[in-house]
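Everything on this sheet refers to the single structure shown next.
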Amino acid sequence: MSQMIAMCGLNCAECEGYLATQANDEAAKERVAAKWAQMFNAPGLTAAFVTCDGCTTAGRKGGHCAECEVRTCGMGRGLANCAHCAEFEACQTLAGFFQFAPQAKATLEEIRRTL
């Protein structure tokens, strides 16, 4: 599977919402919405919430991606993702996010080693 690394280090190409969107599969988006509603104790999530073309694209942004502080900052700086940011090590926004997604930090650190 190809990778599409979001600003935060998550791989959009592995996201269930992204995959269902790219497949134009409304039933799959409904299933993802129901799953996420239960996982995140967020009743009322809809297929529209999970509709997404990926963090770093100009396309549709689903769920939290549309309002994500990490994404907003990175896009404003014109970065491919946060691994390319001079303030990566000191970023408190990323530090908070990494508590919930340590694999994202590992991904960005790996990218930084190749820069």
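FYI, nothing fancy with the structure tokens labels: chains A, B, ... in order, residues from 1 per chain, ligands from 1 as they appear.
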Near-Glu89 of chain A list (12 Å; only C-alpha atoms; drop same-chain fewer than 5 positions) as a PDB file with N, CA, C and O atoms, in the first residue's frame:
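Final output, part33.pdb:
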ATOM      1  N   CYS A  82       5.022  17.698   9.043  1.00  0.00           N
ATOM      2  CA  CYS A  82       5.724  18.337  10.157  1.00  0.00           C
ATOM      3  C   CYS A  82       7.163  17.871  10.333  1.00  0.00           C
ATOM      4  O   CYS A  82       7.936  18.534  11.027  1.00  0.00           O
ATOM      5  N   ALA A  83       7.557  16.779   9.691  1.00  0.00           N
ATOM      6  CA  ALA A  83       8.950  16.352   9.751  1.00  0.00           C
ATOM      7  C   ALA A  83       9.866  17.413   9.153  1.00  0.00           C
ATOM      8  O   ALA A  83      11.031  17.522   9.527  1.00  0.00           O
ATOM      9  N   HIS A  84       9.343  18.222   8.268  1.00  0.00           N
ATOM     10  CA  HIS A  84      10.126  19.241   7.578  1.00  0.00           C
ATOM     11  C   HIS A  84      10.173  20.572   8.333  1.00  0.00           C
ATOM     12  O   HIS A  84      10.743  21.536   7.823  1.00  0.00           O
ATOM     13  N   LEU A  94       2.183  19.165  18.514  1.00  0.00           N
ATOM     14  CA  LEU A  94       2.532  17.797  18.132  1.00  0.00           C
ATOM     15  C   LEU A  94       2.737  16.913  19.354  1.00  0.00           C
ATOM     16  O   LEU A  94       2.299  15.761  19.366  1.00  0.00           O
ATOM     17  N   ALA A  95       3.384  17.437  20.378  1.00  0.00           N
ATOM     18  CA  ALA A  95       3.637  16.642  21.585  1.00  0.00           C
ATOM     19  C   ALA A  95       2.328  16.132  22.171  1.00  0.00           C
ATOM     20  O   ALA A  95       2.232  14.973  22.570  1.00  0.00           O
ATOM     21  N   PHE A  98       0.969  13.376  19.840  1.00  0.00           N
ATOM     22  CA  PHE A  98       1.748  12.143  19.893  1.00  0.00           C
ATOM     23  C   PHE A  98       1.388  11.269  21.097  1.00  0.00           C
ATOM     24  O   PHE A  98       1.630  10.065  21.076  1.00  0.00           O
ATOM     25  N   LYS A 105       4.535   9.900  15.523  1.00  0.00           N
ATOM     26  CA  LYS A 105       5.835  10.491  15.874  1.00  0.00           C
ATOM     27  C   LYS A 105       6.960   9.675  15.260  1.00  0.00           C
ATOM     28  O   LYS A 105       7.897  10.233  14.679  1.00  0.00           O
ATOM     29  N   LEU A 108       7.258  10.451  11.539  1.00  0.00           N
ATOM     30  CA  LEU A 108       7.881  11.747  11.264  1.00  0.00           C
ATOM     31  C   LEU A 108       9.361  11.732  11.608  1.00  0.00           C
ATOM     32  O   LEU A 108      10.181  12.334  10.887  1.00  0.00           O
ATOM     33  N   GLU A 109       9.740  11.053  12.678  1.00  0.00           N
ATOM     34  CA  GLU A 109      11.153  10.963  13.024  1.00  0.00           C
ATOM     35  C   GLU A 109      11.932  10.210  11.960  1.00  0.00           C
ATOM     36  O   GLU A 109      13.075  10.565  11.641  1.00  0.00           O
ATOM     37  N   ARG A 112      12.484  12.565   9.159  1.00  0.00           N
ATOM     38  CA  ARG A 112      13.513  13.552   9.523  1.00  0.00           C
ATOM     39  C   ARG A 112      14.921  12.966   9.346  1.00  0.00           C
ATOM     40  O   ARG A 112      15.848  13.681   8.967  1.00  0.00           O
TER      41      ARG A 112
END
Self-check item: 10 Å contact set for Ala6 of chain A, only C-alpha atoms, chain neighbours under 2 positions out, as a ChimeraX atom specification
Solution: /A:3-4,8-13,54-57,65,70-71,74,80-82,104,108
Practice problem: Identify which of the residues A:Met75, A:Glu69, A:Ile111, A:Lys29 lies closest to Phe97 of chain A, counting only C-alpha atoms when measuring atom-to-atom distances. | Solution: A:Glu69
Quiz prompt | Those of chain A in DSSP alpha helix (DSSP H), formatted as a PyMOL selection string | solution = chain A and resi 16-22+26-39+47-50+69-77+92-98+102-114
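When only C-alpha atoms are used to compute distances to Gly78 of chain A, the closest of the residues A:Met7, A:Ala101, A:Gly96, A:Thr114 turns out to be A:Met7.
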Quiz item: Between atom CA of Gly63 of chain A and atom CA of Val32 of chain A, what is the spacing in Å?
Solution: 11.4 Å
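Rounded to one decimal, atom CA of Gly76 of chain A and atom CA of Trp36 of chain A lie 28.4 Å from each other.
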Quiz prompt | Among the residues A:Ala34, A:Gly17, A:Asp25, A:Cys73, the one that comes closest to Val50 of chain A [using only C-alpha atoms] | solution = A:Gly17
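Using only C-alpha atoms, the shortest contact distance between Asn24 of chain A and any of A:Gln99, A:Glu87, A:Ala66, A:Ala47 is found at A:Ala47.
Take atom CA of Arg113 of chain A and atom CA of Ile5 of chain A: the distance between them is 15.3 Å.
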